[in-house]
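**Q** Next up, upload-v2.cif (mmCIF, C-alpha atoms and all ligand atoms).
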data_target
loop_
_atom_site.label_atom_id
_atom_site.label_comp_id
_atom_site.auth_asym_id
_atom_site.auth_seq_id
_atom_site.Cartn_x
_atom_site.Cartn_y
_atom_site.Cartn_z
CA LEU G 9 -11.00 -2.33 -19.01
CA VAL G 10 -11.04 -1.31 -15.35
CA SER G 11 -14.65 -0.12 -15.64
CA ARG G 12 -17.41 -1.79 -13.69
CA LYS G 13 -19.54 -1.46 -16.83
CA LYS G 14 -17.11 -3.71 -18.66
CA LYS G 15 -16.93 -6.30 -15.86
CA PRO G 16 -19.65 -6.15 -13.17
CA GLU G 17 -18.01 -8.69 -10.80
CA ASP G 18 -15.36 -7.64 -8.28
CA THR G 19 -11.76 -8.48 -9.09
CA VAL G 20 -10.28 -10.64 -6.33
CA ILE G 21 -6.50 -10.91 -5.98
CA THR G 22 -5.00 -13.91 -4.19
CA LEU G 23 -1.68 -13.37 -2.41
CA LYS G 24 -0.15 -16.41 -0.70
CA GLY G 25 -3.63 -17.79 -0.06
CA HIS G 26 -5.04 -14.48 1.20
CA GLN G 27 -7.76 -12.85 -0.89
CA VAL G 28 -7.89 -9.11 -1.45
CA GLY G 29 -11.27 -7.80 -2.55
CA SER G 30 -13.37 -10.79 -1.48
CA GLY G 31 -15.43 -8.89 1.11
CA GLU G 32 -13.20 -9.60 4.12
CA PRO G 33 -10.95 -6.59 4.74
CA SER G 34 -7.22 -6.96 4.11
CA PHE G 35 -4.52 -5.27 6.17
CA VAL G 36 -1.07 -4.29 4.96
CA PHE G 37 1.43 -3.47 7.70
CA GLY G 38 5.14 -2.88 7.72
CA PRO G 39 7.82 -0.25 7.90
CA CYS G 40 8.03 2.79 5.68
CA ALA G 41 11.49 1.70 4.53
CA VAL G 42 13.49 -1.51 4.74
CA GLU G 43 16.43 -0.65 7.00
CA SER G 44 17.81 -4.03 8.08
CA TYR G 45 16.95 -7.72 8.27
CA GLU G 46 16.30 -7.46 12.05
CA GLN G 47 13.99 -4.46 11.63
CA VAL G 48 11.85 -6.16 8.98
CA ALA G 49 11.85 -9.54 10.77
CA THR G 50 10.66 -7.93 14.03
CA VAL G 51 7.66 -6.40 12.28
CA ALA G 52 7.01 -9.57 10.26
CA LYS G 53 6.81 -11.61 13.45
CA ALA G 54 4.23 -9.19 14.91
CA ILE G 55 2.21 -9.34 11.67
CA LYS G 56 2.24 -13.12 11.60
CA ASP G 57 1.41 -13.42 15.31
CA LYS G 58 -1.73 -11.38 14.70
CA GLY G 59 -2.76 -13.61 11.80
CA PHE G 60 -2.20 -11.14 8.98
CA LYS G 61 -0.68 -12.09 5.67
CA LEU G 62 0.46 -8.91 3.91
CA MET G 63 3.60 -6.91 4.64
CA ARG G 64 4.95 -3.70 3.14
CA GLY G 65 8.41 -2.14 3.14
CA GLY G 66 10.09 0.34 0.80
CA ALA G 67 13.43 -0.50 -0.80
CA TYR G 68 13.33 2.45 -3.21
CA LYS G 69 12.16 5.57 -1.39
CA PRO G 70 11.01 8.53 -3.50
CA ARG G 71 12.00 11.18 -0.95
CA THR G 72 11.12 14.84 -1.17
CA SER G 73 14.75 15.77 -0.46
CA PRO G 74 17.67 14.15 -2.33
CA TYR G 75 19.66 14.23 0.92
CA ASP G 76 17.20 11.97 2.77
CA PHE G 77 17.58 8.17 2.98
CA GLN G 78 16.87 6.76 -0.49
CA GLY G 79 16.38 3.11 0.45
CA LEU G 80 18.53 -0.03 0.22
CA GLY G 81 17.52 -0.87 -3.36
CA GLU G 82 17.85 -4.49 -4.51
CA GLU G 83 19.47 -5.38 -1.17
CA GLY G 84 16.23 -4.26 0.50
CA LEU G 85 14.17 -6.44 -1.84
CA LYS G 86 16.35 -9.43 -0.90
CA ILE G 87 15.73 -8.78 2.79
CA LEU G 88 11.98 -8.57 2.13
CA LYS G 89 12.01 -11.87 0.24
CA GLN G 90 13.99 -13.65 2.93
CA VAL G 91 11.68 -12.42 5.70
CA ALA G 92 8.53 -13.08 3.68
CA ASP G 93 9.64 -16.66 3.08
CA GLU G 94 10.49 -17.18 6.74
CA TYR G 95 7.17 -15.82 8.00
CA ASP G 96 5.03 -16.94 5.05
CA LEU G 97 3.87 -13.41 4.21
CA ALA G 98 3.15 -11.77 0.87
CA VAL G 99 5.19 -8.64 0.39
CA ILE G 100 4.46 -5.31 -1.25
CA SER G 101 7.21 -2.88 -2.20
CA GLU G 102 7.46 0.24 -4.30
CA ILE G 103 9.40 0.22 -7.57
CA VAL G 104 10.28 3.56 -9.14
CA ASN G 105 12.19 2.63 -12.28
CA PRO G 106 10.57 0.78 -15.21
CA ALA G 107 13.87 -1.06 -15.77
CA ASP G 108 13.66 -2.58 -12.27
CA VAL G 109 10.16 -4.06 -12.57
CA GLU G 110 11.21 -7.48 -13.89
CA MET G 111 14.07 -7.80 -11.43
CA ALA G 112 11.78 -6.83 -8.52
CA ALA G 113 9.18 -9.41 -9.53
CA LYS G 114 11.64 -12.13 -8.51
CA TYR G 115 11.62 -10.91 -4.92
CA ILE G 116 8.18 -9.45 -4.14
CA ASP G 117 4.52 -10.42 -4.48
CA VAL G 118 3.06 -7.01 -5.32
CA ILE G 119 4.67 -4.12 -7.18
CA GLN G 120 3.69 -0.81 -5.62
CA ILE G 121 3.54 2.28 -7.80
CA GLY G 122 3.73 5.29 -5.52
CA ALA G 123 1.81 8.53 -5.55
CA ARG G 124 4.67 10.44 -7.17
CA ASN G 125 4.76 7.97 -10.04
CA MET G 126 1.06 7.55 -10.67
CA GLN G 127 1.45 9.21 -14.05
CA ASN G 128 4.86 7.75 -14.88
CA PHE G 129 3.39 6.10 -17.94
CA GLU G 130 6.48 4.07 -18.80
CA LEU G 131 6.44 2.61 -15.29
CA LEU G 132 2.70 1.87 -15.57
CA LYS G 133 3.28 0.09 -18.88
CA ALA G 134 6.20 -1.89 -17.48
CA ALA G 135 4.08 -3.02 -14.52
CA GLY G 136 1.27 -3.88 -16.91
CA ALA G 137 3.52 -6.12 -18.97
CA ILE G 138 4.38 -8.54 -16.16
CA ASP G 139 2.35 -11.19 -14.41
CA LYS G 140 2.44 -9.75 -10.89
CA PRO G 141 -0.23 -7.85 -8.94
CA VAL G 142 0.22 -4.08 -8.75
CA LEU G 143 -0.80 -1.72 -5.94
CA LEU G 144 -1.35 1.68 -7.53
CA LYS G 145 -1.46 4.73 -5.31
CA ARG G 146 -3.38 7.87 -6.14
CA GLY G 147 -1.18 10.80 -7.13
CA LEU G 148 -0.78 13.73 -4.74
CA ALA G 149 -2.80 15.99 -7.00
CA ALA G 150 -4.60 13.48 -9.20
CA THR G 151 -8.31 13.52 -9.85
CA ILE G 152 -10.20 10.26 -9.53
CA GLU G 153 -10.52 10.20 -13.31
CA GLU G 154 -6.75 10.48 -13.73
CA PHE G 155 -6.29 7.76 -11.10
CA ILE G 156 -8.61 5.42 -12.99
CA ASN G 157 -6.81 6.20 -16.24
CA ALA G 158 -3.49 5.30 -14.63
CA ALA G 159 -4.94 1.89 -13.72
CA GLU G 160 -6.20 1.61 -17.29
CA TYR G 161 -2.60 2.07 -18.51
CA ILE G 162 -1.56 -0.97 -16.49
CA MET G 163 -4.50 -3.10 -17.54
CA SER G 164 -4.16 -2.13 -21.20
CA GLN G 165 -0.84 -4.02 -21.22
CA GLY G 166 -2.53 -7.22 -20.05
CA ASN G 167 -2.16 -7.14 -16.27
CA GLY G 168 -5.57 -6.96 -14.59
CA ASN G 169 -4.43 -7.63 -11.03
CA ILE G 170 -4.52 -4.09 -9.71
CA ILE G 171 -5.28 -2.80 -6.23
CA LEU G 172 -6.15 0.90 -6.04
CA CYS G 173 -4.95 2.81 -2.99
CA GLU G 174 -6.29 6.17 -1.81
CA ARG G 175 -3.48 7.88 0.11
CA GLY G 176 -4.67 11.43 0.52
CA ILE G 177 -4.43 14.39 -1.80
CA ARG G 178 -2.89 17.82 -1.48
CA THR G 179 -5.23 20.57 -0.33
CA TYR G 180 -4.85 23.85 1.57
CA GLU G 181 -5.40 22.02 4.88
CA LYS G 182 -2.27 21.82 6.98
CA ALA G 183 -3.55 19.91 10.03
CA THR G 184 -2.81 16.66 8.22
CA ARG G 185 0.01 15.82 5.80
CA ASN G 186 -2.52 15.20 3.03
CA THR G 187 -6.31 15.27 2.99
CA LEU G 188 -7.81 11.79 3.00
CA ASP G 189 -10.43 11.77 0.26
CA ILE G 190 -12.64 9.18 1.88
CA SER G 191 -15.42 9.54 -0.69
CA ALA G 192 -12.98 8.37 -3.37
CA VAL G 193 -13.45 4.86 -1.98
CA PRO G 194 -17.13 4.33 -2.90
CA ILE G 195 -16.60 6.21 -6.17
CA LEU G 196 -13.72 3.91 -7.17
CA LYS G 197 -15.75 0.86 -6.08
CA LYS G 198 -18.65 2.05 -8.22
CA GLU G 199 -16.63 3.05 -11.28
CA THR G 200 -14.20 0.11 -11.30
CA HIS G 201 -14.19 -3.59 -10.40
CA LEU G 202 -10.83 -3.33 -8.63
CA PRO G 203 -10.13 -3.71 -4.90
CA VAL G 204 -9.65 -0.37 -3.12
CA MET G 205 -7.42 0.19 -0.11
CA VAL G 206 -6.77 3.22 2.07
CA ASP G 207 -3.29 4.14 3.29
CA VAL G 208 -3.96 5.83 6.63
CA THR G 209 -0.31 6.60 7.35
CA HIS G 210 0.54 8.77 4.36
CA SER G 211 -2.91 10.32 4.06
CA THR G 212 -2.84 11.72 7.58
CA GLY G 213 0.84 11.87 8.52
CA ARG G 214 -0.42 11.63 12.10
CA ARG G 215 -0.21 8.65 14.40
CA ASP G 216 -3.22 9.82 16.44
CA LEU G 217 -5.46 9.65 13.38
CA LEU G 218 -4.61 6.13 12.22
CA ILE G 219 -7.36 4.33 14.14
CA PRO G 220 -10.27 6.67 13.32
CA THR G 221 -9.34 6.92 9.63
CA ALA G 222 -8.93 3.13 9.36
CA LYS G 223 -12.41 2.70 10.85
CA ALA G 224 -13.79 5.26 8.42
CA ALA G 225 -12.14 3.47 5.50
CA LEU G 226 -13.71 0.13 6.43
CA ALA G 227 -17.08 1.70 7.20
CA ILE G 228 -17.21 3.30 3.76
CA GLY G 229 -16.41 0.03 2.02
CA ALA G 230 -12.66 -0.13 1.50
CA ASP G 231 -11.27 -3.61 0.81
CA GLY G 232 -8.26 -2.96 2.96
CA VAL G 233 -6.13 -0.63 5.00
CA MET G 234 -2.39 0.06 4.83
CA ALA G 235 -0.51 1.41 7.84
CA GLU G 236 3.17 1.69 8.72
CA VAL G 237 4.69 -0.18 11.67
CA HIS G 238 8.31 0.14 12.82
CA PRO G 239 9.99 -1.49 15.84
CA ASP G 240 11.34 1.92 16.94
CA PRO G 241 9.82 4.81 14.99
CA ALA G 242 11.94 7.38 16.82
CA VAL G 243 15.04 6.14 14.98
CA ALA G 244 13.30 5.33 11.67
CA LEU G 245 15.13 6.57 8.58
CA SER G 246 11.85 7.88 7.09
CA ASP G 247 8.37 8.82 8.31
CA SER G 248 9.46 8.76 11.92
CA ALA G 249 6.48 10.87 13.07
CA GLN G 250 3.70 8.63 11.84
CA GLN G 251 4.77 5.00 12.02
CA MET G 252 3.31 2.92 14.85
CA ASP G 253 5.52 1.07 17.29
CA LEU G 254 4.61 -2.50 18.22
CA LYS G 255 2.51 -1.46 21.21
CA GLN G 256 0.53 1.01 19.10
CA PHE G 257 0.20 -1.71 16.49
CA ASP G 258 -1.45 -3.95 19.12
CA GLU G 259 -3.84 -1.18 20.02
CA PHE G 260 -4.62 -0.42 16.38
CA VAL G 261 -5.51 -4.04 15.66
CA LYS G 262 -7.56 -4.35 18.84
CA GLU G 263 -9.59 -1.26 17.89
CA VAL G 264 -9.90 -1.69 14.15
CA GLN G 265 -10.25 -5.44 13.66
CA PRO G 266 -13.52 -5.94 15.61
CA PHE G 267 -14.88 -2.88 13.85
CA SER G 268 -14.16 -4.46 10.48
CA GLN G 269 -15.97 -7.64 11.48
CA GLN G 270 -19.10 -5.67 12.44
CA SER G 271 -19.23 -3.62 9.29
C1 LIG K 1 4.90 4.53 0.59
O1 LIG K 1 3.86 3.85 0.65
O2 LIG K 1 5.99 4.12 1.02
C2 LIG K 1 4.84 5.89 0.00
C3 LIG K 1 5.94 6.58 -0.26
O3 LIG K 1 3.59 6.31 -0.22
P1 LIG K 1 3.05 7.42 -1.24
O4 LIG K 1 3.56 7.04 -2.59
O5 LIG K 1 1.57 7.27 -1.11
O6 LIG K 1 3.56 8.74 -0.77
MN MN K 2 6.24 6.16 4.67
#
Output the file's structure in the form of structure tokens.
Ligand code: PEP
Ligand code: MN

**A**
Amino acid sequence: LVSRKKKPEDTVITLKGHQVGSGEPSFVFGPCAVESYEQVATVAKAIKDKGFKLMRGGAYKPRTSPYDFQGLGEEGLKILKQVADEYDLAVISEIVNPADVEMAAKYIDVIQIGARNMQNFELLKAAGAIDKPVLLKRGLAATIEEFINAAEYIMSQGNGNIILCERGIRTYEKATRNTLDISAVPILKKETHLPVMVDVTHSTGRRDLLIPTAKAALAIGADGVMAEVHPDPAVALSDSAQQMDLKQFDEFVKEVQPFSQQS
């Protein structure tokens, strides 16, 4: 069902009036994790001021260590909804438990399925059974074929509004947190009719690589870019090393946005 052979036209997903996959690049900004109303609202204001429409923020954080901050849960989703309503933004947040999918759909505009859950088939089926767009991230060690099959799981349940997100894969290279598989973008665009985004934050794990990788993503044909922004990354409860502060966010937009209009 996700195959380009089955449906030659691009799938376009409309979120609060903003189209993802229509040819104009989309940008998703926001903190790694929802920490407080003030934190999310500060970033939301910056997003809105720059004319963007899509915000991210994790309420359920699948952390490598059980002792790290796990997210605010439903409370975090409520904060996201309140801020999204106030700033007229569409909001994307990761859900990790199939039983939470319906509850989460009341608060958020896009259900994110994270890299660690790309082959959580019960979660994929639960997301496929609701009428809410899904952003599906590539698994840490998933092949492109496995990634496409995960999207097929969602669509097989009736939900065709899926955004694919390349977020880097695990290789032997240690200079970056993951290795951004940039060629996955044109392959996914060729093989499927779904919009394809690139998460430059988690693929690199390095703030100094966000601008060049975002440019590369747009140059190679990605429909959008995701990057993390936090009012004060030094005190962030997760991903403190790679989130942008508001000044870096300004710079990122100044550098990347004109580039996207040229390409
Ligand atoms: C995230 O986007 O918050 C996240 C945890 O990303 P990933 O699943 O790609 O690691
Ligand atoms: Mn993060």

**Q** Please give me, as a ChimeraX atom specification, the residues lying within 9 Å of ligand MN 2 (chain K) when counting only C-alpha atoms and all ligand atoms.

**A** /G:39-41,65-66,69,209-210,213,235-236,246-248,250-251

**Q** Restricting it to C-alpha atoms, dump the selection as a short mmCIF file (atom, residue, chain, number, x, y, z; two decimals), in the frame of the given file.

**A**
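Printed below is result-v3.cif as written:
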data_model
loop_
_atom_site.label_atom_id
_atom_site.label_comp_id
_atom_site.auth_asym_id
_atom_site.auth_seq_id
_atom_site.Cartn_x
_atom_site.Cartn_y
_atom_site.Cartn_z
CA PRO G 39 7.82 -0.25 7.90
CA CYS G 40 8.03 2.79 5.68
CA ALA G 41 11.49 1.70 4.53
CA GLY G 65 8.41 -2.14 3.14
CA GLY G 66 10.09 0.34 0.80
CA LYS G 69 12.16 5.57 -1.39
CA THR G 209 -0.31 6.60 7.35
CA HIS G 210 0.54 8.77 4.36
CA GLY G 213 0.84 11.87 8.52
CA ALA G 235 -0.51 1.41 7.84
CA GLU G 236 3.17 1.69 8.72
CA SER G 246 11.85 7.88 7.09
CA ASP G 247 8.37 8.82 8.31
CA SER G 248 9.46 8.76 11.92
CA GLN G 250 3.70 8.63 11.84
CA GLN G 251 4.77 5.00 12.02
#

**Q** Rank nothing, just name the residue among G:Pro220, G:Gly38, G:Gly166, G:Gly59 nearest to ligand LIG 1 (chain K), using only C-alpha atoms and all ligand atoms.

**A**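 Closest to ligand LIG 1 (chain K) of all the choices is G:Gly38.
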
**Q** Please indicate the distance in Å from atom CA of G:Ile177 to atom CA of G:Ala149, rounded to one decimal place.

**A**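 Taking atom CA of G:Ile177 and atom CA of G:Ala149, their separation equals 5.7 Å.
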
**Q** Using the file's own x, y and z axes, what box holds all listed atoms of ligand LIG 1 (chain K) with 8 Å on each side, keeping edges along x, y and z, and what are its centre and edge lengths in Å to one decimal, as JSON?

**A**
{"center_x": 3.8, "center_y": 6.3, "center_z": -0.8, "size_x": 20.4, "size_y": 20.9, "size_z": 19.6}

**Q** Grab me every residue within 8 Å of ligand LIG 1 (chain K), counting all atoms listed in the file, and send it over as a ChimeraX atom specification.

**A** /G:40-41,65-66,69-71,101-102,120-125,145-148,174-176,207,210-211

**Q** Considering all atoms listed in the file, return as number ranges by chain whatever protein or nucleic-acid residues lie within 8 Å of stretch 154-164 of chain G, sequence-local ones (same chain, fewer than 4 positions apart) excluded.

**A** G: 9-10, 126-127, 129, 132-137, 144, 146-147, 150, 168-170, 172, 196, 200

**Q** Using only C-alpha atoms, please write the residues we just selected to a file, as a CSV table (one decimal), keeping the file's coordinate frame.

**A**
chain,number,residue,atom,x,y,z
G,9,LEU,CA,-11.0,-2.3,-19.0
G,10,VAL,CA,-11.0,-1.3,-15.4
G,126,MET,CA,1.1,7.6,-10.7
G,127,GLN,CA,1.4,9.2,-14.0
G,129,PHE,CA,3.4,6.1,-17.9
G,132,LEU,CA,2.7,1.9,-15.6
G,133,LYS,CA,3.3,0.1,-18.9
G,134,ALA,CA,6.2,-1.9,-17.5
G,135,ALA,CA,4.1,-3.0,-14.5
G,136,GLY,CA,1.3,-3.9,-16.9
G,137,ALA,CA,3.5,-6.1,-19.0
G,144,LEU,CA,-1.4,1.7,-7.5
G,146,ARG,CA,-3.4,7.9,-6.1
G,147,GLY,CA,-1.2,10.8,-7.1
G,150,ALA,CA,-4.6,13.5,-9.2
G,168,GLY,CA,-5.6,-7.0,-14.6
G,169,ASN,CA,-4.4,-7.6,-11.0
G,170,ILE,CA,-4.5,-4.1,-9.7
G,172,LEU,CA,-6.2,0.9,-6.0
G,196,LEU,CA,-13.7,3.9,-7.2
G,200,THR,CA,-14.2,0.1,-11.3

**Q** Excluding G:Asp57 and any residue of its chain fewer than 3 positions from it, enumerate the residues within 12 Å of it, using all atoms listed in the file, and give them as a VMD selection string.

**A** chain G and resid 50 to 54 60 to 61 95 to 97 254 257 to 258 261

**Q** Residues within 7 Å of G:Gly81, please, as a PyMOL selection string. Count all atoms listed in the file; anything in the same chain fewer than 2 positions from it doesn't count.

**A** chain G and resi 67-68+79+83-85

**Q** From the list G:Val264, G:Ala49, G:Val99, G:Val118, which residue is nearest G:Leu226 when using all atoms listed in the file?

**A**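 Result for the nearest residue to G:Leu226: G:Val264.
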
**Q** So, with only C-alpha atoms as the atoms that count, which of G:Gln47, G:Thr19, G:Ser11, G:Asn105 lies closest to G:Pro203?

**A** G:Thr19

**Q** Of the candidates G:Glu130, G:Gly229, G:Val36, G:Glu259, which one gets nearest to G:Lys198 if we count all atoms listed in the file?

**A** G:Gly229

**Q** So what do you get for atom CA of G:Val243 versus atom CA of G:Thr184, distance-wise?

**A**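 Computing the Euclidean distance for atom CA of G:Val243 and atom CA of G:Thr184 yields 21.8 Å.
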
**Q** How far is it from atom CA of G:Tyr75 to atom CA of G:Val91, in Å with one decimal?

**A**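 For atom CA of G:Tyr75 relative to atom CA of G:Val91, the distance reads 28.2 Å.
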
**Q** Find the residue from G:Ala113, G:Ile119, G:Val104, G:Ile21 that sits nearest to G:Gln78; use all atoms listed in the file when measuring.

**A**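 Looking only at the distances to G:Gln78, the closest residue turns out to be G:Val104.
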